[in-house]
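Containing mmCIF, C-alpha atoms: query_36.cif.
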```
data_my_file
#
loop_
_atom_site.label_atom_id
_atom_site.label_comp_id
_atom_site.auth_asym_id
_atom_site.auth_seq_id
_atom_site.Cartn_x
_atom_site.Cartn_y
_atom_site.Cartn_z
CA MET A 615 -22.29 -12.59 -1.37
CA LYS A 616 -20.36 -10.66 1.29
CA ILE A 617 -17.69 -8.40 -0.17
CA HIS A 618 -14.77 -6.73 1.54
CA PHE A 619 -14.02 -3.68 -0.57
CA TYR A 620 -11.55 -0.83 -0.74
CA LYS A 621 -12.29 2.66 -2.05
CA TYR A 622 -9.48 4.57 -3.81
CA GLN A 623 -9.32 7.81 -5.76
CA GLY A 624 -6.85 9.46 -8.12
CA THR A 625 -7.55 13.17 -8.62
CA GLY A 626 -11.21 12.56 -7.84
CA ASN A 627 -11.57 9.62 -10.24
CA ASP A 628 -12.84 7.04 -7.72
CA PHE A 629 -12.92 3.26 -7.71
CA VAL A 630 -14.11 0.25 -5.78
CA ILE A 631 -11.24 -2.26 -5.65
CA LEU A 632 -11.51 -5.93 -4.67
CA ASP A 633 -8.63 -8.25 -3.75
CA ASN A 634 -9.34 -11.20 -6.03
CA ARG A 635 -6.07 -13.09 -5.62
CA ASN A 636 -8.00 -16.16 -4.42
CA TRP A 637 -10.74 -15.70 -7.07
CA SER A 638 -13.37 -14.91 -4.42
CA TYR A 639 -15.13 -12.30 -6.55
CA SER A 640 -14.84 -13.77 -10.05
CA ALA A 641 -18.58 -14.55 -10.09
CA LEU A 642 -19.57 -10.87 -9.89
CA ASP A 643 -21.97 -10.16 -12.72
CA MET A 644 -22.83 -6.93 -14.51
CA GLU A 645 -25.77 -6.06 -12.25
CA LYS A 646 -23.75 -6.51 -9.06
CA VAL A 647 -20.91 -4.36 -10.39
CA LYS A 648 -23.42 -1.70 -11.43
CA PHE A 649 -24.99 -1.80 -7.95
CA LEU A 650 -21.64 -1.46 -6.18
CA CYS A 651 -20.78 1.59 -8.29
CA ASP A 652 -24.17 3.24 -7.74
CA ARG A 653 -23.74 6.43 -5.70
CA ARG A 654 -27.20 6.27 -4.13
CA PHE A 655 -27.80 2.59 -3.44
CA GLY A 656 -24.29 1.08 -3.46
CA ILE A 657 -20.79 2.22 -2.52
CA GLY A 658 -20.42 4.74 -5.33
CA ALA A 659 -17.58 4.91 -7.86
CA ASP A 660 -16.63 5.69 -11.46
CA GLY A 661 -15.60 2.05 -11.87
CA LEU A 662 -14.76 -1.23 -10.17
CA MET A 663 -11.50 -3.17 -10.39
CA LEU A 664 -10.38 -6.67 -9.50
CA LEU A 665 -6.78 -7.35 -8.54
CA ASN A 666 -6.21 -10.82 -10.01
CA PRO A 667 -3.13 -13.05 -9.92
CA ALA A 668 -1.15 -13.18 -13.16
CA THR A 669 1.74 -15.51 -13.97
CA GLY A 670 4.92 -13.55 -14.65
CA TYR A 671 3.46 -10.28 -13.34
CA ASP A 672 2.72 -8.73 -9.98
CA PHE A 673 -1.01 -8.80 -10.75
CA GLU A 674 -3.68 -8.40 -13.40
CA MET A 675 -6.01 -5.40 -13.36
CA LYS A 676 -9.54 -6.15 -14.54
CA TYR A 677 -11.63 -3.01 -14.96
CA TYR A 678 -15.39 -2.50 -15.11
CA ASN A 679 -17.18 0.75 -15.91
CA ALA A 680 -19.87 2.04 -13.58
CA ASP A 681 -22.49 0.59 -15.94
CA GLY A 682 -21.22 -2.89 -15.04
CA ARG A 683 -19.54 -3.67 -18.36
CA GLU A 684 -15.93 -4.81 -18.57
CA SER A 685 -13.93 -2.07 -20.25
CA SER A 686 -10.55 -1.01 -21.58
CA LEU A 687 -7.65 0.58 -19.71
CA CYS A 688 -8.35 3.14 -16.99
CA GLY A 689 -5.22 5.22 -16.35
CA ASN A 690 -6.14 6.62 -12.95
CA GLY A 691 -7.48 3.19 -12.06
CA GLY A 692 -4.13 1.67 -12.92
CA ARG A 693 -2.35 4.13 -10.65
CA CYS A 694 -4.80 3.37 -7.83
CA MET A 695 -4.27 -0.37 -8.33
CA VAL A 696 -0.54 0.05 -7.91
CA LYS A 697 -1.06 1.93 -4.65
CA PHE A 698 -3.52 -0.78 -3.56
CA ALA A 699 -0.96 -3.50 -4.30
CA HIS A 700 1.55 -1.53 -2.23
CA HIS A 701 -0.90 -1.35 0.67
CA LEU A 702 -1.45 -5.12 0.40
CA GLY A 703 2.27 -5.61 1.06
CA MET A 704 3.67 -5.78 -2.47
CA ILE A 705 6.55 -3.41 -1.78
CA LYS A 706 8.62 -2.97 -4.96
CA SER A 707 10.72 -0.35 -6.70
CA ARG A 708 9.05 -1.16 -10.05
CA TYR A 709 5.71 -2.86 -10.61
CA SER A 710 4.69 -4.91 -13.62
CA PHE A 711 1.06 -5.75 -14.28
CA LEU A 712 -1.38 -6.74 -17.01
CA ALA A 713 -4.34 -4.62 -18.11
CA ALA A 714 -6.84 -4.79 -20.96
CA ASP A 715 -4.37 -3.22 -23.40
CA GLY A 716 -1.36 -5.32 -22.37
CA PRO A 717 1.55 -5.04 -19.89
CA HIS A 718 2.35 -1.90 -17.91
CA GLU A 719 5.10 -0.73 -15.59
CA ALA A 720 4.67 1.61 -12.63
CA GLU A 721 6.55 3.06 -9.71
CA ILE A 722 5.73 4.90 -6.49
CA GLU A 723 7.77 7.95 -5.54
CA ASP A 724 8.72 8.81 -1.95
CA ASP A 725 5.91 11.40 -1.73
CA GLY A 726 3.32 8.80 -2.78
CA THR A 727 3.02 9.91 -6.40
CA VAL A 728 2.29 6.97 -8.70
CA ASN A 729 3.86 6.98 -12.17
CA LEU A 730 2.24 4.68 -14.73
CA LYS A 731 3.85 3.87 -18.06
CA MET A 732 1.34 3.87 -20.90
CA GLN A 733 1.47 2.05 -24.23
CA ASP A 734 3.08 3.82 -27.18
CA VAL A 735 0.72 5.85 -29.37
CA LYS A 736 1.35 5.53 -33.08
CA GLU A 737 -1.31 7.77 -34.57
CA ILE A 738 -3.43 10.84 -33.91
CA LYS A 739 -6.25 11.21 -36.43
CA GLU A 740 -7.71 14.58 -37.32
CA TYR A 741 -11.50 14.52 -37.35
CA ARG A 742 -13.56 17.61 -38.26
CA SER A 743 -10.89 19.95 -36.83
CA ASP A 744 -10.72 17.77 -33.68
CA PHE A 745 -8.61 14.69 -32.83
CA ILE A 746 -9.09 10.97 -32.19
CA LEU A 747 -6.53 8.65 -30.60
CA ASP A 748 -6.24 5.56 -28.44
CA THR A 749 -4.29 5.69 -25.18
CA GLY A 750 -5.53 2.32 -23.93
CA SER A 751 -9.09 3.59 -24.35
CA PRO A 752 -10.52 5.53 -27.32
CA HIS A 753 -10.57 9.30 -26.95
CA TYR A 754 -11.95 12.30 -28.78
CA VAL A 755 -10.11 15.57 -28.06
CA LYS A 756 -11.62 18.98 -28.77
CA ILE A 757 -9.76 22.24 -28.15
CA VAL A 758 -12.02 24.92 -26.63
CA SER A 759 -11.76 28.25 -24.85
CA ASP A 760 -13.18 28.85 -21.34
CA VAL A 761 -13.44 25.11 -20.69
CA MET A 762 -14.62 25.59 -17.11
CA ASP A 763 -17.77 27.26 -18.45
CA TYR A 764 -18.28 24.69 -21.20
CA ASP A 765 -21.34 22.40 -21.27
CA VAL A 766 -19.29 19.21 -21.03
CA PHE A 767 -22.21 16.92 -20.22
CA HIS A 768 -24.44 17.76 -23.18
CA ARG A 769 -21.69 18.41 -25.73
CA GLY A 770 -19.84 15.29 -24.64
CA MET A 771 -22.99 13.20 -24.85
CA ASP A 772 -23.73 14.55 -28.33
CA ILE A 773 -20.34 13.35 -29.59
CA ARG A 774 -20.33 10.06 -27.68
CA TYR A 775 -23.77 9.10 -29.07
CA SER A 776 -23.25 10.49 -32.57
CA ALA A 777 -23.75 8.02 -35.42
CA GLU A 778 -20.04 7.20 -35.78
CA PHE A 779 -19.34 6.53 -32.11
CA ALA A 780 -22.62 5.38 -30.57
CA LYS A 781 -22.06 1.62 -30.92
CA GLU A 782 -18.60 1.29 -29.35
CA GLY A 783 -18.61 4.56 -27.44
CA ILE A 784 -15.82 7.07 -27.08
CA ASN A 785 -14.54 9.27 -24.26
CA VAL A 786 -14.76 12.97 -25.04
CA ASN A 787 -12.19 15.48 -23.76
CA PHE A 788 -12.54 19.25 -23.86
CA VAL A 789 -9.17 20.96 -23.55
CA GLU A 790 -8.11 24.54 -22.91
CA PRO A 791 -4.39 25.20 -23.48
CA LYS A 792 -2.86 27.62 -20.99
CA LYS A 793 0.55 29.24 -20.90
CA GLY A 794 3.53 27.11 -21.82
CA ASP A 795 3.10 23.44 -21.00
CA GLU A 796 -0.13 23.54 -18.95
CA ILE A 797 -3.62 22.54 -20.07
CA ILE A 798 -7.06 22.22 -18.45
CA VAL A 799 -9.05 19.09 -19.29
CA ARG A 800 -12.65 18.06 -18.64
CA THR A 801 -13.86 14.63 -19.76
CA TYR A 802 -17.18 12.98 -20.52
CA GLU A 803 -16.62 9.24 -19.96
CA ARG A 804 -18.43 6.41 -21.70
CA GLY A 805 -19.65 3.77 -19.27
CA VAL A 806 -20.11 6.43 -16.61
CA GLU A 807 -22.14 8.48 -19.10
CA ASP A 808 -21.28 11.68 -17.31
CA GLU A 809 -18.37 13.99 -16.64
CA THR A 810 -15.84 12.59 -14.19
CA PHE A 811 -13.50 14.65 -12.01
CA SER A 812 -10.52 13.25 -13.92
CA CYS A 813 -9.73 10.63 -16.57
CA GLY A 814 -6.19 9.27 -16.81
CA THR A 815 -6.30 8.02 -20.38
CA GLY A 816 -8.14 11.21 -21.38
CA VAL A 817 -5.57 13.41 -19.71
CA THR A 818 -2.87 11.46 -21.54
CA ALA A 819 -4.63 11.82 -24.89
CA SER A 820 -5.09 15.55 -24.37
CA ALA A 821 -1.45 16.05 -23.38
CA LEU A 822 -0.26 14.25 -26.52
CA VAL A 823 -2.44 16.44 -28.73
CA CYS A 824 -1.13 19.55 -26.94
CA HIS A 825 2.60 18.81 -27.26
CA HIS A 826 4.85 21.84 -26.87
CA ASN A 827 7.94 20.32 -28.47
CA ASP A 828 7.50 19.05 -32.03
CA VAL A 829 10.24 16.44 -31.54
CA GLY A 830 11.73 15.21 -28.30
CA TYR A 831 10.79 15.35 -24.63
CA ASN A 832 7.51 16.88 -23.46
CA ASP A 833 6.31 17.45 -19.90
CA VAL A 834 2.70 18.63 -19.70
CA THR A 835 0.88 19.66 -16.50
CA VAL A 836 -2.81 18.86 -16.68
CA VAL A 837 -5.40 20.54 -14.45
CA THR A 838 -8.61 18.57 -13.88
CA LYS A 839 -11.60 19.18 -11.61
CA GLY A 840 -10.06 16.68 -9.18
CA GLY A 841 -6.48 17.93 -9.16
CA ARG A 842 -3.25 18.03 -11.14
CA LEU A 843 -1.56 15.32 -13.17
CA VAL A 844 1.62 15.34 -15.23
CA VAL A 845 2.11 13.54 -18.55
CA LYS A 846 5.70 13.01 -19.73
CA TYR A 847 6.59 11.57 -23.12
CA ASP A 848 8.89 11.59 -26.14
CA ARG A 849 7.43 12.78 -29.44
CA ILE A 850 9.32 10.87 -32.12
CA ASN A 851 7.60 12.29 -35.18
CA ASP A 852 4.20 13.39 -36.41
CA GLY A 853 1.74 11.23 -34.45
CA MET A 854 4.30 8.85 -32.85
CA PHE A 855 4.78 8.99 -29.07
CA GLN A 856 6.90 6.79 -26.79
CA ASN A 857 7.94 6.60 -23.12
CA ILE A 858 4.58 7.97 -22.04
CA TRP A 859 4.16 8.33 -18.26
CA LEU A 860 1.03 9.39 -16.39
CA CYS A 861 2.00 10.77 -12.99
CA GLY A 862 -0.08 11.88 -10.02
CA PRO A 863 -1.60 11.07 -6.64
CA ALA A 864 -3.56 7.93 -5.77
CA GLU A 865 -5.02 7.54 -2.30
CA ARG A 866 -7.02 5.06 -0.22
CA VAL A 867 -10.28 6.61 0.97
CA TYR A 868 -11.71 3.82 3.14
CA GLU A 869 -12.52 0.12 3.26
CA GLY A 870 -15.57 -1.81 4.41
CA ASP A 871 -17.95 -4.69 3.90
CA ILE A 872 -21.13 -4.94 1.87
CA THR A 873 -23.51 -7.77 0.99
CA VAL A 874 -24.89 -8.08 -2.55
#
```

Rendering of file as structure tokens:
Amino acid sequence: MKIHFYKYQGTGNDFVILDNRNWSYSALDMEKVKFLCDRRFGIGADGLMLLNPATGYDFEMKYYNADGRESSLCGNGGRCMVKFAHHLGMIKSRYSFLAADGPHEAEIEDDGTVNLKMQDVKEIKEYRSDFILDTGSPHYVKIVSDVMDYDVFHRGMDIRYSAEFAKEGINVNFVEPKKGDEIIVRTYERGVEDETFSCGTGVTASALVCHHNDVGYNDVTVVTKGGRLVVKYDRINDGMFQNIWLCGPAERVYEGDITV
């Protein structure tokens, strides 16, 4: 199979994207996806996405982890898909698309920033002095000091493969609050089974945990290894969050052809 692919990244979280509007790539299996995402033998990416047609929406986003398995929402992937759709000629003031967790809206600002509206979050669970929540994908959030010196790979793997989470997997975020409304986040991602430069749903989860206003509007700047993102939301009450927007850059890196 000959594949024409596009490579995109959002704060260092990188993806192979395929235009599947004519269903050309629907036969891709787990091993082929895994190969395409392999950084030594394939193209190299944290995940692969198909842009599919969807009745009543601009497109459907189908996401696969680097291990080849179909997965849940990827926030940075969603922002990259919107920019990809724009580059394909879908020029709109507001985008509407389907993802694994349901419908999403998005918009592109004049400077190229992509803003993605996330699903409402109704609950943050406390777990052994840490936090668990779902922002389209399941996340574990742990507050630490000196996060840039933290052993994210081994500590993240320990939590991800612990007895409670091993079967379904969970993404693990280590968060260092800074002054005011800024935090630093590093994430160990299931499916990649390593730290990524950025994780959109993880950044969102971490920003919700680290709210600076108990009730009302919050605007949190998040520093990742791959760059800065902003998460904006309304905190309605204890554990209830609405109007959640993940905002940041999404860029095309290159495109090419490969045979699998």

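Interatomic distance, atom CA of A:Gly624 to atom CA of A:Ala864: 4.3 Å.
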
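For the set A:Arg742, A:Lys731, A:Arg804, A:Arg683, the residue with the smallest atom-to-atom gap to A:Val845 is A:Lys731, counting all atoms listed in the file.
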
Please provide as a PDB file with C-alpha atoms, in the frame of the given file all residues within 12 Å of A:His700, with the sequence filter that same-chain residues fewer than 4 positions apart are discarded (counting only C-alpha atoms).
```
ATOM      1  CA  LEU A 665      -6.780  -7.350  -8.540  1.00  0.00           C
ATOM      2  CA  ASP A 672       2.720  -8.730  -9.980  1.00  0.00           C
ATOM      3  CA  PHE A 673      -1.010  -8.800 -10.750  1.00  0.00           C
ATOM      4  CA  ARG A 693      -2.350   4.130 -10.650  1.00  0.00           C
ATOM      5  CA  CYS A 694      -4.800   3.370  -7.830  1.00  0.00           C
ATOM      6  CA  MET A 695      -4.270  -0.370  -8.330  1.00  0.00           C
ATOM      7  CA  VAL A 696      -0.540   0.050  -7.910  1.00  0.00           C
ATOM      8  CA  MET A 704       3.670  -5.780  -2.470  1.00  0.00           C
ATOM      9  CA  ILE A 705       6.550  -3.410  -1.780  1.00  0.00           C
ATOM     10  CA  LYS A 706       8.620  -2.970  -4.960  1.00  0.00           C
ATOM     11  CA  SER A 707      10.720  -0.350  -6.700  1.00  0.00           C
ATOM     12  CA  ARG A 708       9.050  -1.160 -10.050  1.00  0.00           C
ATOM     13  CA  TYR A 709       5.710  -2.860 -10.610  1.00  0.00           C
ATOM     14  CA  ALA A 720       4.670   1.610 -12.630  1.00  0.00           C
ATOM     15  CA  GLU A 721       6.550   3.060  -9.710  1.00  0.00           C
ATOM     16  CA  ILE A 722       5.730   4.900  -6.490  1.00  0.00           C
ATOM     17  CA  GLU A 723       7.770   7.950  -5.540  1.00  0.00           C
ATOM     18  CA  GLY A 726       3.320   8.800  -2.780  1.00  0.00           C
ATOM     19  CA  VAL A 728       2.290   6.970  -8.700  1.00  0.00           C
ATOM     20  CA  ALA A 864      -3.560   7.930  -5.770  1.00  0.00           C
ATOM     21  CA  GLU A 865      -5.020   7.540  -2.300  1.00  0.00           C
ATOM     22  CA  ARG A 866      -7.020   5.060  -0.220  1.00  0.00           C
TER      23      ARG A 866
END
```

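Using the PyMOL selection byres ((chain A and resi 669) around 12) on the file at hand returns these residues: Arg635, Asn666, Pro667, Ala668, Gly670, Tyr671, Asp672, Phe673, Glu674, Ser710, Phe711 and Leu712 of chain A.
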
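You can rank A:Ile746, A:Gly689, A:Pro717, A:Leu642 by their closest distance to A:Gly853 using only C-alpha atoms, and at the top of that list sits A:Ile746.
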
Per residue of stretch 672-706 of chain A within 12 Å of stretch 815-826 of chain A, record the nearest atom pair and its distance in Å to one decimal, counting all atoms listed in the file, with rows in chain order and ascending residue number, as CSV.
```
residue,atom,partner,partner_atom,distance
A:Ser686,CA,A:Thr815,CA,10.1
A:Leu687,CA,A:Thr815,CA,7.6
A:Cys688,CA,A:Thr815,CA,6.3
A:Gly689,CA,A:Thr815,CA,5.0
A:Asn690,CA,A:Thr815,CA,7.6
A:Gly691,CA,A:Thr815,CA,9.7
A:Gly692,CA,A:Thr815,CA,10.0
A:Arg693,CA,A:Thr815,CA,11.2
```

| message | Excluding stretch 655-663 of chain A and its own-chain neighbours fewer than 3 positions away, which residues fall within 8 Å of it when counting all atoms listed in the file? Please give them as a ChimeraX atom specification. | response | /A:627-632,647,649-652,675-680,691,806,810

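Considering all atoms listed in the file, the residue among A:Glu803, A:Ile858, A:Ile797, A:Leu747 positioned nearest to A:Met771 is A:Glu803.
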
| task | Run the PyMOL selection byres ((chain A and resi 790) around 7) against the file shown and list the residues it catches, as number ranges by chain. | result | A: 757-761, 788-789, 791-792, 797-799

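Counting only C-alpha atoms, the residue from A:Val766, A:Ile784, A:Ile773, A:Ile738 that sits nearest to A:Phe811 is A:Val766.
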
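Nearest to A:Lys697 of all the residues A:Ala713, A:Val836, A:Leu730, A:Ala780 is A:Leu730, counting only C-alpha atoms.
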
| remark: Computed gap from atom CA of A:Gly682 to atom CA of A:Ala641 is 12.9 Å

Taking N, CA, C and O atoms as the atom set, what does stretch 660-686 of chain A look like once completed, written as an mmCIF file, keeping the file's coordinate frame?
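And here's result30.cif as it stands now:
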```cif
data_model
loop_
_atom_site.group_PDB
_atom_site.id
_atom_site.type_symbol
_atom_site.label_atom_id
_atom_site.label_comp_id
_atom_site.auth_asym_id
_atom_site.auth_seq_id
_atom_site.Cartn_x
_atom_site.Cartn_y
_atom_site.Cartn_z
ATOM 1 N N ASP A 660 -16.668 5.580 -9.997
ATOM 2 C CA ASP A 660 -16.630 5.690 -11.460
ATOM 3 C C ASP A 660 -16.390 4.329 -12.111
ATOM 4 O O ASP A 660 -16.618 4.165 -13.307
ATOM 5 N N GLY A 661 -15.871 3.372 -11.332
ATOM 6 C CA GLY A 661 -15.600 2.050 -11.870
ATOM 7 C C GLY A 661 -15.220 1.082 -10.761
ATOM 8 O O GLY A 661 -15.014 1.487 -9.604
ATOM 9 N N LEU A 662 -15.152 -0.186 -11.115
ATOM 10 C CA LEU A 662 -14.760 -1.230 -10.170
ATOM 11 C C LEU A 662 -13.615 -2.025 -10.779
ATOM 12 O O LEU A 662 -13.606 -2.292 -11.988
ATOM 13 N N MET A 663 -12.658 -2.419 -9.917
ATOM 14 C CA MET A 663 -11.500 -3.170 -10.390
ATOM 15 C C MET A 663 -11.258 -4.401 -9.526
ATOM 16 O O MET A 663 -11.464 -4.362 -8.309
ATOM 17 N N LEU A 664 -10.830 -5.467 -10.177
ATOM 18 C CA LEU A 664 -10.380 -6.670 -9.500
ATOM 19 C C LEU A 664 -8.870 -6.772 -9.624
ATOM 20 O O LEU A 664 -8.319 -6.611 -10.714
ATOM 21 N N LEU A 665 -8.202 -7.039 -8.504
ATOM 22 C CA LEU A 665 -6.780 -7.350 -8.540
ATOM 23 C C LEU A 665 -6.662 -8.863 -8.593
ATOM 24 O O LEU A 665 -6.926 -9.559 -7.614
ATOM 25 N N ASN A 666 -6.311 -9.382 -9.772
ATOM 26 C CA ASN A 666 -6.210 -10.820 -10.010
ATOM 27 C C ASN A 666 -4.755 -11.264 -10.031
ATOM 28 O O ASN A 666 -3.867 -10.479 -10.382
ATOM 29 N N PRO A 667 -4.493 -12.533 -9.728
ATOM 30 C CA PRO A 667 -3.130 -13.050 -9.920
ATOM 31 C C PRO A 667 -2.836 -13.171 -11.406
ATOM 32 O O PRO A 667 -3.739 -13.325 -12.234
ATOM 33 N N ALA A 668 -1.561 -13.078 -11.755
ATOM 34 C CA ALA A 668 -1.150 -13.180 -13.160
ATOM 35 C C ALA A 668 0.263 -13.751 -13.208
ATOM 36 O O ALA A 668 1.196 -13.144 -12.661
ATOM 37 N N THR A 669 0.436 -14.872 -13.866
ATOM 38 C CA THR A 669 1.740 -15.510 -13.970
ATOM 39 C C THR A 669 2.732 -14.601 -14.683
ATOM 40 O O THR A 669 2.458 -14.090 -15.770
ATOM 41 N N GLY A 670 3.878 -14.374 -14.053
ATOM 42 C CA GLY A 670 4.920 -13.550 -14.650
ATOM 43 C C GLY A 670 4.780 -12.077 -14.374
ATOM 44 O O GLY A 670 5.630 -11.270 -14.792
ATOM 45 N N TYR A 671 3.709 -11.687 -13.660
ATOM 46 C CA TYR A 671 3.460 -10.280 -13.340
ATOM 47 C C TYR A 671 3.086 -10.160 -11.869
ATOM 48 O O TYR A 671 2.758 -11.148 -11.212
ATOM 49 N N ASP A 672 3.123 -8.944 -11.367
ATOM 50 C CA ASP A 672 2.720 -8.730 -9.980
ATOM 51 C C ASP A 672 1.225 -8.946 -9.791
ATOM 52 O O ASP A 672 0.789 -9.434 -8.746
ATOM 53 N N PHE A 673 0.433 -8.589 -10.800
ATOM 54 C CA PHE A 673 -1.010 -8.800 -10.750
ATOM 55 C C PHE A 673 -1.617 -8.481 -12.105
ATOM 56 O O PHE A 673 -0.950 -7.938 -12.994
ATOM 57 N N GLU A 674 -2.882 -8.834 -12.244
ATOM 58 C CA GLU A 674 -3.680 -8.400 -13.400
ATOM 59 C C GLU A 674 -4.747 -7.449 -12.910
ATOM 60 O O GLU A 674 -5.382 -7.676 -11.873
ATOM 61 N N MET A 675 -4.961 -6.375 -13.652
ATOM 62 C CA MET A 675 -6.010 -5.400 -13.360
ATOM 63 C C MET A 675 -7.177 -5.635 -14.307
ATOM 64 O O MET A 675 -7.038 -5.522 -15.518
ATOM 65 N N LYS A 676 -8.328 -5.991 -13.735
ATOM 66 C CA LYS A 676 -9.540 -6.150 -14.540
ATOM 67 C C LYS A 676 -10.477 -5.002 -14.181
ATOM 68 O O LYS A 676 -10.833 -4.822 -13.010
ATOM 69 N N TYR A 677 -10.887 -4.250 -15.193
ATOM 70 C CA TYR A 677 -11.630 -3.010 -14.960
ATOM 71 C C TYR A 677 -13.046 -3.084 -15.514
ATOM 72 O O TYR A 677 -13.266 -3.568 -16.626
ATOM 73 N N TYR A 678 -13.999 -2.586 -14.710
ATOM 74 C CA TYR A 678 -15.390 -2.500 -15.110
ATOM 75 C C TYR A 678 -15.864 -1.055 -14.985
ATOM 76 O O TYR A 678 -15.604 -0.391 -13.968
ATOM 77 N N ASN A 679 -16.569 -0.570 -15.998
ATOM 78 C CA ASN A 679 -17.180 0.750 -15.910
ATOM 79 C C ASN A 679 -18.316 0.743 -14.901
ATOM 80 O O ASN A 679 -18.809 -0.312 -14.483
ATOM 81 N N ALA A 680 -18.783 1.927 -14.546
ATOM 82 C CA ALA A 680 -19.870 2.040 -13.580
ATOM 83 C C ALA A 680 -21.169 1.423 -14.089
ATOM 84 O O ALA A 680 -22.059 1.104 -13.288
ATOM 85 N N ASP A 681 -21.296 1.236 -15.394
ATOM 86 C CA ASP A 681 -22.490 0.590 -15.940
ATOM 87 C C ASP A 681 -22.433 -0.930 -15.834
ATOM 88 O O ASP A 681 -23.350 -1.629 -16.271
ATOM 89 N N GLY A 682 -21.353 -1.462 -15.271
ATOM 90 C CA GLY A 682 -21.220 -2.890 -15.040
ATOM 91 C C GLY A 682 -20.496 -3.660 -16.125
ATOM 92 O O GLY A 682 -20.191 -4.838 -15.964
ATOM 93 N N ARG A 683 -20.178 -2.984 -17.227
ATOM 94 C CA ARG A 683 -19.540 -3.670 -18.360
ATOM 95 C C ARG A 683 -18.010 -3.641 -18.214
ATOM 96 O O ARG A 683 -17.440 -2.632 -17.838
ATOM 97 N N GLU A 684 -17.377 -4.769 -18.544
ATOM 98 C CA GLU A 684 -15.930 -4.810 -18.570
ATOM 99 C C GLU A 684 -15.428 -3.852 -19.634
ATOM 100 O O GLU A 684 -16.001 -3.764 -20.724
ATOM 101 N N SER A 685 -14.355 -3.118 -19.339
ATOM 102 C CA SER A 685 -13.930 -2.070 -20.250
ATOM 103 C C SER A 685 -12.435 -2.127 -20.498
ATOM 104 O O SER A 685 -11.737 -3.051 -20.084
ATOM 105 N N SER A 686 -11.954 -1.108 -21.197
ATOM 106 C CA SER A 686 -10.550 -1.010 -21.580
ATOM 107 C C SER A 686 -9.743 -0.376 -20.446
ATOM 108 O O SER A 686 -10.220 -0.264 -19.314
#
```
